[in-house]
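Structure file query05.txt with compact mmCIF, C-alpha atoms and all ligand atoms:
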# COMPACT_ATOMS: atom_id res chain seq x y z
CA MET B 1 122.92 101.61 101.26
CA ARG B 2 119.39 102.14 102.57
CA THR B 3 116.56 101.93 100.03
CA SER B 4 112.81 102.39 100.30
CA ALA B 5 112.19 98.62 100.63
CA LEU B 6 111.15 98.60 104.30
CA GLU B 7 109.01 101.72 104.10
CA ARG B 8 107.20 100.28 101.07
CA PHE B 9 106.80 96.87 102.67
CA LEU B 10 105.14 98.32 105.79
CA ARG B 11 102.57 100.08 103.59
CA TYR B 12 101.86 97.20 101.18
CA VAL B 13 101.19 94.62 103.91
CA THR B 14 98.26 96.64 105.28
CA ILE B 15 96.26 95.94 102.12
CA ASP B 16 94.38 92.63 102.36
CA THR B 17 95.32 90.70 99.21
CA ARG B 18 94.41 87.13 100.14
CA SER B 19 93.58 85.11 97.06
CA ASP B 20 90.55 82.79 97.06
CA GLU B 21 90.55 79.34 95.46
CA ARG B 22 86.72 79.25 95.37
CA SER B 23 86.47 82.47 93.37
CA LEU B 24 86.23 82.31 89.60
CA ALA B 25 87.05 86.01 89.22
CA VAL B 26 90.35 87.13 87.67
CA PRO B 27 92.11 88.10 89.84
CA SER B 28 90.30 86.06 92.47
CA THR B 29 89.83 88.94 94.96
CA PRO B 30 89.44 92.75 94.61
CA GLY B 31 92.07 93.54 97.27
CA GLN B 32 94.77 92.39 94.88
CA LEU B 33 93.64 95.03 92.38
CA THR B 34 93.76 97.68 95.10
CA LEU B 35 97.45 96.96 95.63
CA MET B 36 98.11 96.62 91.88
CA ARG B 37 96.61 100.08 91.26
CA LEU B 38 98.74 101.58 94.02
CA LEU B 39 101.86 99.96 92.57
CA ALA B 40 100.97 101.15 89.06
CA SER B 41 100.66 104.76 90.21
CA GLU B 42 103.90 104.52 92.18
CA LEU B 43 105.76 103.04 89.19
CA SER B 44 104.48 105.84 86.95
CA GLY B 45 105.44 108.38 89.59
CA LEU B 46 108.97 106.98 89.74
CA GLY B 47 109.31 107.45 85.99
CA LEU B 48 109.09 103.88 84.71
CA THR B 49 107.69 103.49 81.21
CA ASP B 50 105.09 101.12 79.69
CA VAL B 51 103.22 100.87 83.01
CA VAL B 52 100.27 98.61 82.13
CA LEU B 53 97.77 96.97 84.47
CA ASP B 54 95.96 94.54 82.15
CA GLN B 55 92.42 93.19 82.29
CA HIS B 56 93.57 90.09 84.19
CA GLY B 57 95.20 92.13 86.96
CA TYR B 58 98.82 91.65 85.86
CA LEU B 59 101.03 94.71 86.19
CA MET B 60 104.07 95.20 83.97
CA ALA B 61 106.48 98.12 83.62
CA THR B 62 109.90 98.98 82.21
CA VAL B 63 113.06 100.49 83.64
CA PRO B 64 114.63 101.80 80.42
CA ALA B 65 118.23 100.78 79.66
CA SER B 66 120.89 103.23 80.71
CA ARG B 67 122.29 105.24 77.82
CA GLY B 68 124.50 103.12 75.59
CA TRP B 69 123.33 99.77 77.02
CA GLU B 70 120.16 99.31 75.00
CA ALA B 71 121.58 96.18 73.30
CA ALA B 72 121.99 94.22 76.54
CA PRO B 73 119.60 91.29 77.05
CA VAL B 74 116.25 92.27 78.54
CA ILE B 75 115.77 90.66 81.94
CA GLY B 76 112.80 90.72 84.30
CA PHE B 77 111.96 90.65 88.00
CA ILE B 78 108.66 89.18 89.20
CA ALA B 79 106.77 88.96 92.51
CA HIS B 80 103.22 88.04 93.46
CA VAL B 81 100.92 90.45 95.30
CA ASP B 82 98.51 87.91 96.80
CA THR B 83 98.88 86.28 100.21
CA SER B 84 97.85 82.82 101.34
CA PRO B 85 94.13 82.19 101.85
CA GLU B 86 95.02 79.83 104.71
CA MET B 87 95.56 82.64 107.22
CA SER B 88 93.81 85.93 107.88
CA GLY B 89 95.29 88.90 106.06
CA THR B 90 92.73 91.46 107.27
CA ASP B 91 93.98 94.49 109.23
CA VAL B 92 97.60 93.39 109.25
CA ARG B 93 99.49 95.45 111.86
CA PRO B 94 103.17 95.26 110.96
CA MET B 95 105.69 96.03 113.67
CA VAL B 96 109.44 96.56 113.50
CA HIS B 97 111.51 95.09 116.33
CA GLU B 98 114.58 97.26 115.93
CA ARG B 99 118.06 95.86 116.59
CA TYR B 100 116.72 92.45 117.59
CA ASP B 101 118.31 91.41 120.89
CA GLY B 102 118.07 87.63 120.42
CA GLY B 103 115.25 87.02 122.90
CA ASP B 104 111.72 85.66 122.40
CA ILE B 105 109.42 88.01 120.47
CA VAL B 106 105.90 88.00 121.94
CA LEU B 107 103.31 89.30 119.48
CA PRO B 108 101.10 91.79 121.34
CA ASP B 109 97.65 90.88 120.03
CA ASP B 110 98.01 87.19 121.05
CA PRO B 111 100.50 86.43 123.83
CA ALA B 112 100.43 82.76 122.74
CA ALA B 113 102.06 83.77 119.45
CA VAL B 114 105.78 83.83 120.26
CA LEU B 115 108.81 83.73 117.96
CA ARG B 116 111.52 81.74 119.72
CA PRO B 117 115.10 81.79 118.45
CA SER B 118 115.60 78.44 120.26
CA SER B 119 113.30 76.74 117.74
CA ASP B 120 114.00 79.06 114.78
CA PRO B 121 117.71 79.02 113.86
CA ALA B 122 117.13 81.51 111.02
CA LEU B 123 115.82 84.03 113.55
CA ALA B 124 118.68 83.32 115.95
CA ALA B 125 121.09 84.16 113.13
CA ARG B 126 119.59 87.64 112.67
CA VAL B 127 120.41 89.19 116.05
CA GLY B 128 121.00 92.91 115.55
CA ASP B 129 118.68 93.12 112.52
CA ASP B 130 115.39 94.99 112.40
CA ILE B 131 112.81 92.18 112.44
CA VAL B 132 109.33 92.82 111.04
CA THR B 133 106.39 90.75 112.28
CA ALA B 134 102.60 91.01 112.34
CA SER B 135 100.81 91.55 115.65
CA GLY B 136 99.71 87.96 116.34
CA LEU B 137 96.27 87.73 114.71
CA THR B 138 97.22 87.66 111.02
CA LEU B 139 99.95 86.63 108.67
CA LEU B 140 102.49 89.33 107.82
CA GLY B 141 102.45 88.97 104.05
CA GLY B 142 106.21 88.86 103.56
CA ASP B 143 105.26 86.13 101.08
CA ASP B 144 105.43 87.88 98.74
CA LYS B 145 105.14 91.58 99.54
CA ALA B 146 108.79 91.46 100.60
CA GLY B 147 109.56 90.61 96.97
CA VAL B 148 107.19 93.31 95.71
CA ALA B 149 108.78 95.98 97.95
CA GLU B 150 112.32 94.93 97.00
CA ILE B 151 111.61 95.11 93.27
CA MET B 152 109.95 98.52 93.71
CA ALA B 153 112.92 99.79 95.74
CA ALA B 154 115.38 98.44 93.15
CA ALA B 155 113.44 100.12 90.33
CA GLU B 156 113.49 103.41 92.22
CA TYR B 157 117.23 103.07 92.79
CA LEU B 158 117.98 102.29 89.13
CA ILE B 159 115.93 105.25 87.92
CA GLY B 160 117.70 107.52 90.41
CA HIS B 161 121.19 106.32 89.42
CA PRO B 162 121.55 106.70 85.65
CA GLU B 163 125.30 106.13 85.99
CA LEU B 164 124.67 102.39 86.65
CA ARG B 165 125.10 100.33 83.49
CA HIS B 166 122.14 98.07 82.79
CA GLY B 167 119.97 96.95 79.92
CA THR B 168 116.19 97.17 79.75
CA ILE B 169 114.64 95.80 82.94
CA ARG B 170 111.08 94.51 82.93
CA ILE B 171 109.00 94.31 86.07
CA GLY B 172 106.02 92.01 86.52
CA PHE B 173 103.59 91.73 89.43
CA THR B 174 101.24 88.74 89.35
CA PRO B 175 98.01 87.88 91.21
CA ASP B 176 96.81 84.52 92.56
CA GLU B 177 100.15 82.71 92.91
CA GLU B 178 99.05 81.11 96.19
CA ILE B 179 96.12 79.37 94.48
CA GLY B 180 98.26 78.14 91.59
CA ARG B 181 96.96 80.57 88.98
CA GLY B 182 99.82 83.08 88.97
CA ALA B 183 101.06 82.17 85.51
CA ASP B 184 97.63 81.56 83.93
CA HIS B 185 97.37 84.92 82.19
CA PHE B 186 101.01 86.00 82.21
CA ASP B 187 101.74 87.29 78.71
CA VAL B 188 105.32 86.10 78.18
CA GLN B 189 105.40 87.67 74.70
CA ARG B 190 104.40 91.08 75.98
CA PHE B 191 106.81 90.83 78.92
CA GLY B 192 109.49 90.43 76.28
CA ALA B 193 112.40 89.38 78.50
CA PHE B 194 115.11 86.80 77.80
CA CYS B 195 114.81 85.49 81.36
CA ALA B 196 113.40 86.59 84.69
CA TYR B 197 113.86 86.10 88.42
CA THR B 198 111.06 85.75 90.94
CA LEU B 199 111.81 87.26 94.35
CA ASP B 200 109.79 84.86 96.46
CA GLY B 201 112.25 82.90 98.57
CA GLY B 202 113.50 82.58 102.12
CA GLY B 203 116.64 83.69 103.90
CA ARG B 204 119.57 85.62 102.49
CA GLY B 205 121.56 83.91 99.76
CA GLU B 206 118.92 81.42 98.61
CA LEU B 207 118.76 80.62 94.91
CA GLU B 208 116.23 78.03 93.77
CA TRP B 209 116.15 76.53 90.31
CA GLU B 210 114.69 73.08 90.96
CA SER B 211 111.07 72.58 91.91
CA PHE B 212 108.68 69.68 92.20
CA SER B 213 106.85 68.34 89.18
CA ALA B 214 103.20 68.27 90.17
CA ASP B 215 99.94 66.60 89.15
CA LEU B 216 96.52 66.60 90.79
CA PHE B 217 94.79 63.22 90.97
CA SER B 218 91.12 62.93 91.82
CA ALA B 219 89.03 59.83 92.51
CA THR B 220 85.23 60.09 92.46
CA PHE B 221 83.59 57.21 94.30
CA LYS B 222 79.94 56.66 93.44
CA GLY B 223 77.68 54.75 95.81
CA PHE B 224 73.92 54.53 96.25
CA ASN B 225 71.99 56.50 98.86
CA THR B 226 68.68 55.56 100.44
CA HIS B 227 66.96 56.20 103.79
CA PRO B 228 69.35 54.76 106.39
CA GLY B 229 66.45 53.17 108.31
CA TYR B 230 65.55 51.02 105.31
CA ALA B 231 68.95 50.64 103.67
CA ARG B 232 69.71 46.99 104.38
CA GLY B 233 71.14 45.34 101.32
CA THR B 234 70.68 48.41 99.10
CA MET B 235 72.80 51.32 100.39
CA ILE B 236 76.32 51.65 99.04
CA ASN B 237 78.15 54.27 101.11
CA ALA B 238 80.68 56.14 98.95
CA ILE B 239 82.19 57.67 102.13
CA ARG B 240 83.21 54.20 103.35
CA VAL B 241 84.71 53.34 99.96
CA ALA B 242 86.71 56.58 99.93
CA ALA B 243 87.82 56.01 103.53
CA ASP B 244 89.17 52.58 102.58
CA PHE B 245 91.05 54.17 99.68
CA ILE B 246 92.62 56.84 101.91
CA ALA B 247 93.52 54.27 104.58
CA SER B 248 95.24 52.13 101.94
CA LEU B 249 97.62 54.91 100.84
CA PRO B 250 101.16 54.05 101.96
CA ARG B 251 102.57 56.52 104.45
CA ASP B 252 106.23 55.81 105.12
CA GLY B 253 108.43 57.57 102.60
CA VAL B 254 105.49 58.58 100.37
CA SER B 255 103.65 61.19 102.45
CA PRO B 256 104.53 64.83 103.22
CA GLU B 257 104.84 63.93 106.91
CA THR B 258 107.59 61.37 106.26
CA THR B 259 109.63 62.91 103.44
CA SER B 260 112.11 65.73 102.82
CA GLY B 261 114.93 66.71 100.44
CA TYR B 262 114.51 65.07 97.04
CA ASP B 263 111.71 62.64 98.07
CA GLY B 264 108.34 62.86 96.36
CA PHE B 265 104.94 62.07 97.89
CA VAL B 266 101.22 61.52 97.41
CA HIS B 267 99.03 63.71 99.61
CA PRO B 268 95.24 63.42 100.03
CA TYR B 269 94.24 66.97 100.90
CA VAL B 270 90.57 67.50 100.05
CA VAL B 271 87.59 65.18 100.60
CA ASP B 272 84.14 66.22 99.44
CA ALA B 273 81.96 63.57 100.98
CA SER B 274 78.40 62.32 100.68
CA VAL B 275 76.92 58.80 100.73
CA ASP B 276 76.03 59.03 97.07
CA ARG B 277 79.30 60.52 95.82
CA THR B 278 82.64 61.22 97.47
CA VAL B 279 85.53 62.95 95.75
CA VAL B 280 89.10 62.59 97.07
CA LYS B 281 91.76 64.93 95.72
CA VAL B 282 95.37 63.83 95.97
CA LEU B 283 98.49 65.89 95.20
CA ILE B 284 101.24 63.96 93.41
CA ARG B 285 104.74 65.44 93.76
CA ASP B 286 108.19 64.34 92.61
CA PHE B 287 111.39 65.96 91.34
CA LEU B 288 111.49 63.38 88.53
CA THR B 289 108.59 63.98 86.17
CA GLY B 290 108.64 60.30 85.13
CA GLU B 291 107.95 59.24 88.72
CA LEU B 292 104.59 61.05 88.65
CA GLY B 293 103.27 58.29 86.37
CA THR B 294 104.43 55.56 88.76
CA LYS B 295 102.66 57.25 91.65
CA ARG B 296 99.55 57.81 89.56
CA ALA B 297 99.44 54.10 88.65
CA MET B 298 99.62 53.22 92.35
CA LEU B 299 96.72 55.59 93.14
CA GLU B 300 94.62 54.15 90.28
CA HIS B 301 95.26 50.64 91.52
CA LEU B 302 94.35 51.44 95.14
CA ALA B 303 91.23 53.38 94.13
CA ARG B 304 89.98 50.43 92.03
CA ALA B 305 90.79 47.97 94.79
CA ALA B 306 88.73 50.04 97.25
CA ALA B 307 85.78 50.18 94.85
CA ASP B 308 86.05 46.45 94.07
CA ALA B 309 85.79 45.64 97.78
CA HIS B 310 82.31 47.25 97.86
CA PRO B 311 80.05 45.50 95.32
CA GLY B 312 78.08 48.05 93.32
CA ALA B 313 80.49 50.92 94.00
CA VAL B 314 82.12 52.63 91.04
CA VAL B 315 85.19 54.84 90.85
CA GLU B 316 86.19 57.35 88.19
CA THR B 317 89.64 58.92 88.24
CA ALA B 318 91.05 62.03 86.60
CA LEU B 319 94.46 63.68 86.39
CA THR B 320 95.33 67.36 85.95
CA GLU B 321 98.87 68.52 85.18
CA GLN B 322 99.87 71.34 87.55
CA TYR B 323 103.51 72.28 86.91
CA ARG B 324 106.88 70.75 86.08
CA ASN B 325 110.37 70.87 87.58
CA MET B 326 111.85 74.13 86.28
CA ARG B 327 115.28 72.48 86.21
CA GLU B 328 114.28 70.72 82.96
CA VAL B 329 114.29 74.17 81.33
CA LEU B 330 116.87 76.03 83.41
CA GLU B 331 119.69 73.56 82.87
CA ARG B 332 119.63 74.66 79.23
CA TYR B 333 120.34 78.26 80.38
CA PRO B 334 123.37 77.99 82.66
CA ALA B 335 124.10 81.74 82.39
CA VAL B 336 120.75 82.55 84.03
CA ILE B 337 121.81 80.60 87.12
CA GLU B 338 125.48 81.64 87.03
CA HIS B 339 124.69 85.37 86.92
CA ALA B 340 122.41 84.89 89.93
CA ARG B 341 125.21 83.16 91.85
CA GLN B 342 127.63 85.95 91.01
CA ALA B 343 125.12 88.65 91.96
CA ILE B 344 124.54 86.98 95.33
CA ARG B 345 128.31 86.92 95.89
CA ALA B 346 128.56 90.56 94.81
CA ALA B 347 126.15 91.37 97.65
CA GLY B 348 128.61 89.75 100.06
CA LEU B 349 126.59 86.54 100.52
CA VAL B 350 127.14 82.84 99.87
CA PRO B 351 124.66 81.31 97.40
CA ILE B 352 122.51 78.60 99.02
CA GLU B 353 120.99 76.31 96.37
CA ARG B 354 118.20 73.99 97.47
CA PRO B 355 115.33 72.27 95.66
CA ILE B 356 111.92 73.87 96.31
CA ARG B 357 109.47 71.33 97.71
CA GLY B 358 106.68 73.13 95.91
CA GLY B 359 106.33 75.34 92.89
CA THR B 360 106.64 79.03 92.13
CA ASP B 361 105.33 81.14 89.29
CA GLY B 362 108.71 80.35 87.72
CA SER B 363 107.94 76.63 87.55
CA ARG B 364 105.32 77.39 84.95
CA LEU B 365 106.83 80.51 83.37
CA SER B 366 110.01 78.55 82.58
CA PHE B 367 107.94 76.13 80.49
CA MET B 368 106.05 79.03 78.89
CA GLY B 369 109.31 80.34 77.38
CA LEU B 370 110.58 82.56 80.19
CA PRO B 371 113.40 80.86 82.15
CA THR B 372 112.70 82.00 85.74
CA PRO B 373 114.61 80.80 88.82
CA ASN B 374 113.70 82.06 92.29
CA LEU B 375 115.72 84.38 94.51
CA PHE B 376 115.48 84.98 98.25
CA ALA B 377 113.22 87.79 99.42
CA GLY B 378 113.81 87.30 103.15
CA GLU B 379 110.53 85.49 103.91
CA HIS B 380 110.29 83.19 106.93
CA ASN B 381 107.45 81.08 108.39
CA PHE B 382 105.23 81.68 105.35
CA HIS B 383 101.45 81.45 105.72
CA SER B 384 101.75 81.70 109.49
CA ARG B 385 101.02 84.20 112.25
CA LEU B 386 104.71 83.85 113.11
CA GLU B 387 105.82 85.10 109.71
CA TRP B 388 108.80 87.46 109.88
CA VAL B 389 111.16 89.35 107.62
CA SER B 390 114.49 91.02 108.37
CA ALA B 391 114.85 94.54 106.98
CA GLN B 392 118.56 93.89 106.39
CA ASP B 393 117.72 90.75 104.35
CA MET B 394 115.39 92.88 102.26
CA GLU B 395 118.22 95.34 101.58
CA LYS B 396 120.44 92.42 100.55
CA ALA B 397 117.75 91.25 98.12
CA VAL B 398 117.65 94.74 96.58
CA GLU B 399 121.44 94.64 96.23
CA VAL B 400 121.19 91.30 94.40
CA VAL B 401 118.63 92.74 91.97
CA LEU B 402 120.90 95.73 91.28
CA ALA B 403 123.92 93.45 90.83
CA LEU B 404 122.00 91.20 88.42
CA ALA B 405 120.82 94.18 86.38
CA GLN B 406 124.46 95.25 85.96
CA ARG B 407 125.86 91.76 85.31
CA TRP B 408 123.54 91.19 82.37
CA ALA B 409 124.93 94.37 80.77
CA GLN B 410 128.54 93.18 80.82
CA PRO B 411 130.07 93.19 77.35
CA ASP B 412 130.30 89.36 77.20
CA CYS B 413 126.49 89.09 77.59
CA ILE B 414 125.63 91.45 74.77
CA GLY B 415 124.97 89.69 71.54
CA ASN B 416 124.31 86.33 73.27
ZN ZN C 501 105.15 83.20 97.57
Take the structure in this file and express it as structure tokens.
Amino acid sequence: MRTSALERFLRYVTIDTRSDERSLAVPSTPGQLTLMRLLASELSGLGLTDVVLDQHGYLMATVPASRGWEAAPVIGFIAHVDTSPEMSGTDVRPMVHERYDGGDIVLPDDPAAVLRPSSDPALAARVGDDIVTASGLTLLGGDDKAGVAEIMAAAEYLIGHPELRHGTIRIGFTPDEEIGRGADHFDVQRFGAFCAYTLDGGGRGELEWESFSADLFSATFKGFNTHPGYARGTMINAIRVAADFIASLPRDGVSPETTSGYDGFVHPYVVDASVDRTVVKVLIRDFLTGELGTKRAMLEHLARAAADAHPGAVVETALTEQYRNMREVLERYPAVIEHARQAIRAAGLVPIERPIRGGTDGSRLSFMGLPTPNLFAGEHNFHSRLEWVSAQDMEKAVEVVLALAQRWAQPDCIGN
């Protein structure tokens, strides 16, 4: 089977859809709307119904049920159109390295950008595949345009094969996932599905249904500024107070650099510094939601201790909930996971289940009433100039979508 996934992917990645955390617009950047409008016209052209691009830049559409299967549960497939703001996404030049021979791949626009199978076992395992990369100056955008292209190709295939038995399939494309806003304006009611699957994962076979639980902690240290030449006995430097706080954070086993698997961490990642006022933002992550509180208490304690060591300094702390481990919801819907496992097997693959050390749109959508695990899309080296995707992995992802659509229409699902 050869679908339109690769051809679509090569077109979609040339549109710059980086999201922007500093923007208050919805979606955060106009490039995302450019791609959304293109997708909307392509979906209409393919014959999908209810194609709606809403005022927040979310695109939804329907593949109608095949005749006689209208009573099957409605399921959805979701991908995000934005790419990471951490790496340039302007003038992406995708290139296909056909029938990959297993050697180093030197990207032509920057000879220092080299994909080496010796340090990338996933790449070494894909000898013979058609490998897609960027040209060395930008990210590729496989995260998550691979998912977008696969869902589009699957929709096209379903519309073109009315003999396949499936219920109503909903499609959703979201903006601003990379800046944590992908679920903000997702209308779960209007989407109207029993469950959904994001296609936003790594290599073939991956199925993710556990994510971090996540909070954002911020400490604002307030000092007192005066002319440094005449500051003796009066200046209180908030930068020094904040530096003491950061230096006091434990590292071993509690930082991203020293943890993996099911470990959580605290991660100072933004400092906005001035003598008068310095804000430190710290990510708190753990698979156990209850552990977030323990880590928060430690941060509070260390922030106060730092302020107390500088007479006159004051600290104010704040906490923002970001997302929760989707497992808390998904373990109540075992069929959602089991059908995904079976669909992956139906595509000739072995399901690989691993916790996500991060979140996806599904981490929030699951808690908004739409159980949403994550499926592989074939992405590798996300947010990097060395990002790559295998065209054969993309085809496998399409197969999994088609298999899932059919599984949910089996007689034992209907009426559940
Ligand atoms: Zn992604």
Subject >> Selection as number ranges by chain: residues within 9 Å of ligand ZN 501 (chain C) by only C-alpha atoms and all ligand atoms >> reply: B: 79-84, 142-145, 147, 177-178, 199-201, 360-361, 379, 382
Exercise: region 346-353 of chain B partners within 7 Å, only C-alpha atoms, chain neighbours under 6 positions left out, as a compact mmCIF listing (two decimals) with C-alpha atoms, keeping the file's coordinate frame:
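Result went into part_34.txt, see below:
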# COMPACT_ATOMS: atom_id res chain seq x y z
CA GLY B 205 121.56 83.91 99.76
CA GLU B 206 118.92 81.42 98.61
CA LEU B 207 118.76 80.62 94.91
CA GLU B 208 116.23 78.03 93.77
CA LYS B 396 120.44 92.42 100.55
CA GLU B 399 121.44 94.64 96.23
CA VAL B 400 121.19 91.30 94.40
CA ALA B 403 123.92 93.45 90.83
**OP:** For CA of Ile15 (chain B) and CA of Trp388 (chain B), determine how far apart the two atoms are, in Å to one decimal place.
**Re:**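 About the pair CA of Ile15 (chain B) and CA of Trp388 (chain B): they are 17.0 Å apart.
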Original post:
What is the CA of Leu38 (chain B) to CA of Phe191 (chain B) distance in Å?
Top reply: 20.2 Å
Original post:
CA of Met95 (chain B) and CA of Val132 (chain B), how far apart in Å?
Top reply: 5.5 Å
Subject >> For Tyr100 (chain B), the nearest of the candidates B:Ala122, B:Ala219, B:Val127, B:Leu39, counting all atoms listed in the file >> reply: B:Val127
Original post:
Which neighbours of Thr278 (chain B) fall inside 8 Å, counting only C-alpha atoms, when residues of the same chain fewer than 2 positions from it are skipped, and could you give them as a VMD selection string?
Top reply: chain B and resid 220 to 222 238 to 239 242 271 to 276 280
Subject >> Selected residue of minimal separation from Gly182 (chain B) among B:Asn237, B:Thr198, B:Ser4, B:Thr226, counting only C-alpha atoms >> reply: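 The closest residue to Gly182 (chain B) is B:Thr198.
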Subject >> Surrounding residues of Pro311 (chain B) excluding itself and chain neighbours under 3 positions, 12 Å, all atoms listed in the file, as a PyMOL selection string >> reply: chain B and resi 222-224+233-238+241+304-308+314-315
Subject >> Long-range neighbours of region 102-108 of chain B as a PyMOL selection string, 7 Å cut-off, all atoms listed in the file, 4 positions minimum in chain >> reply: chain B and resi 113-117+124+127+135-136
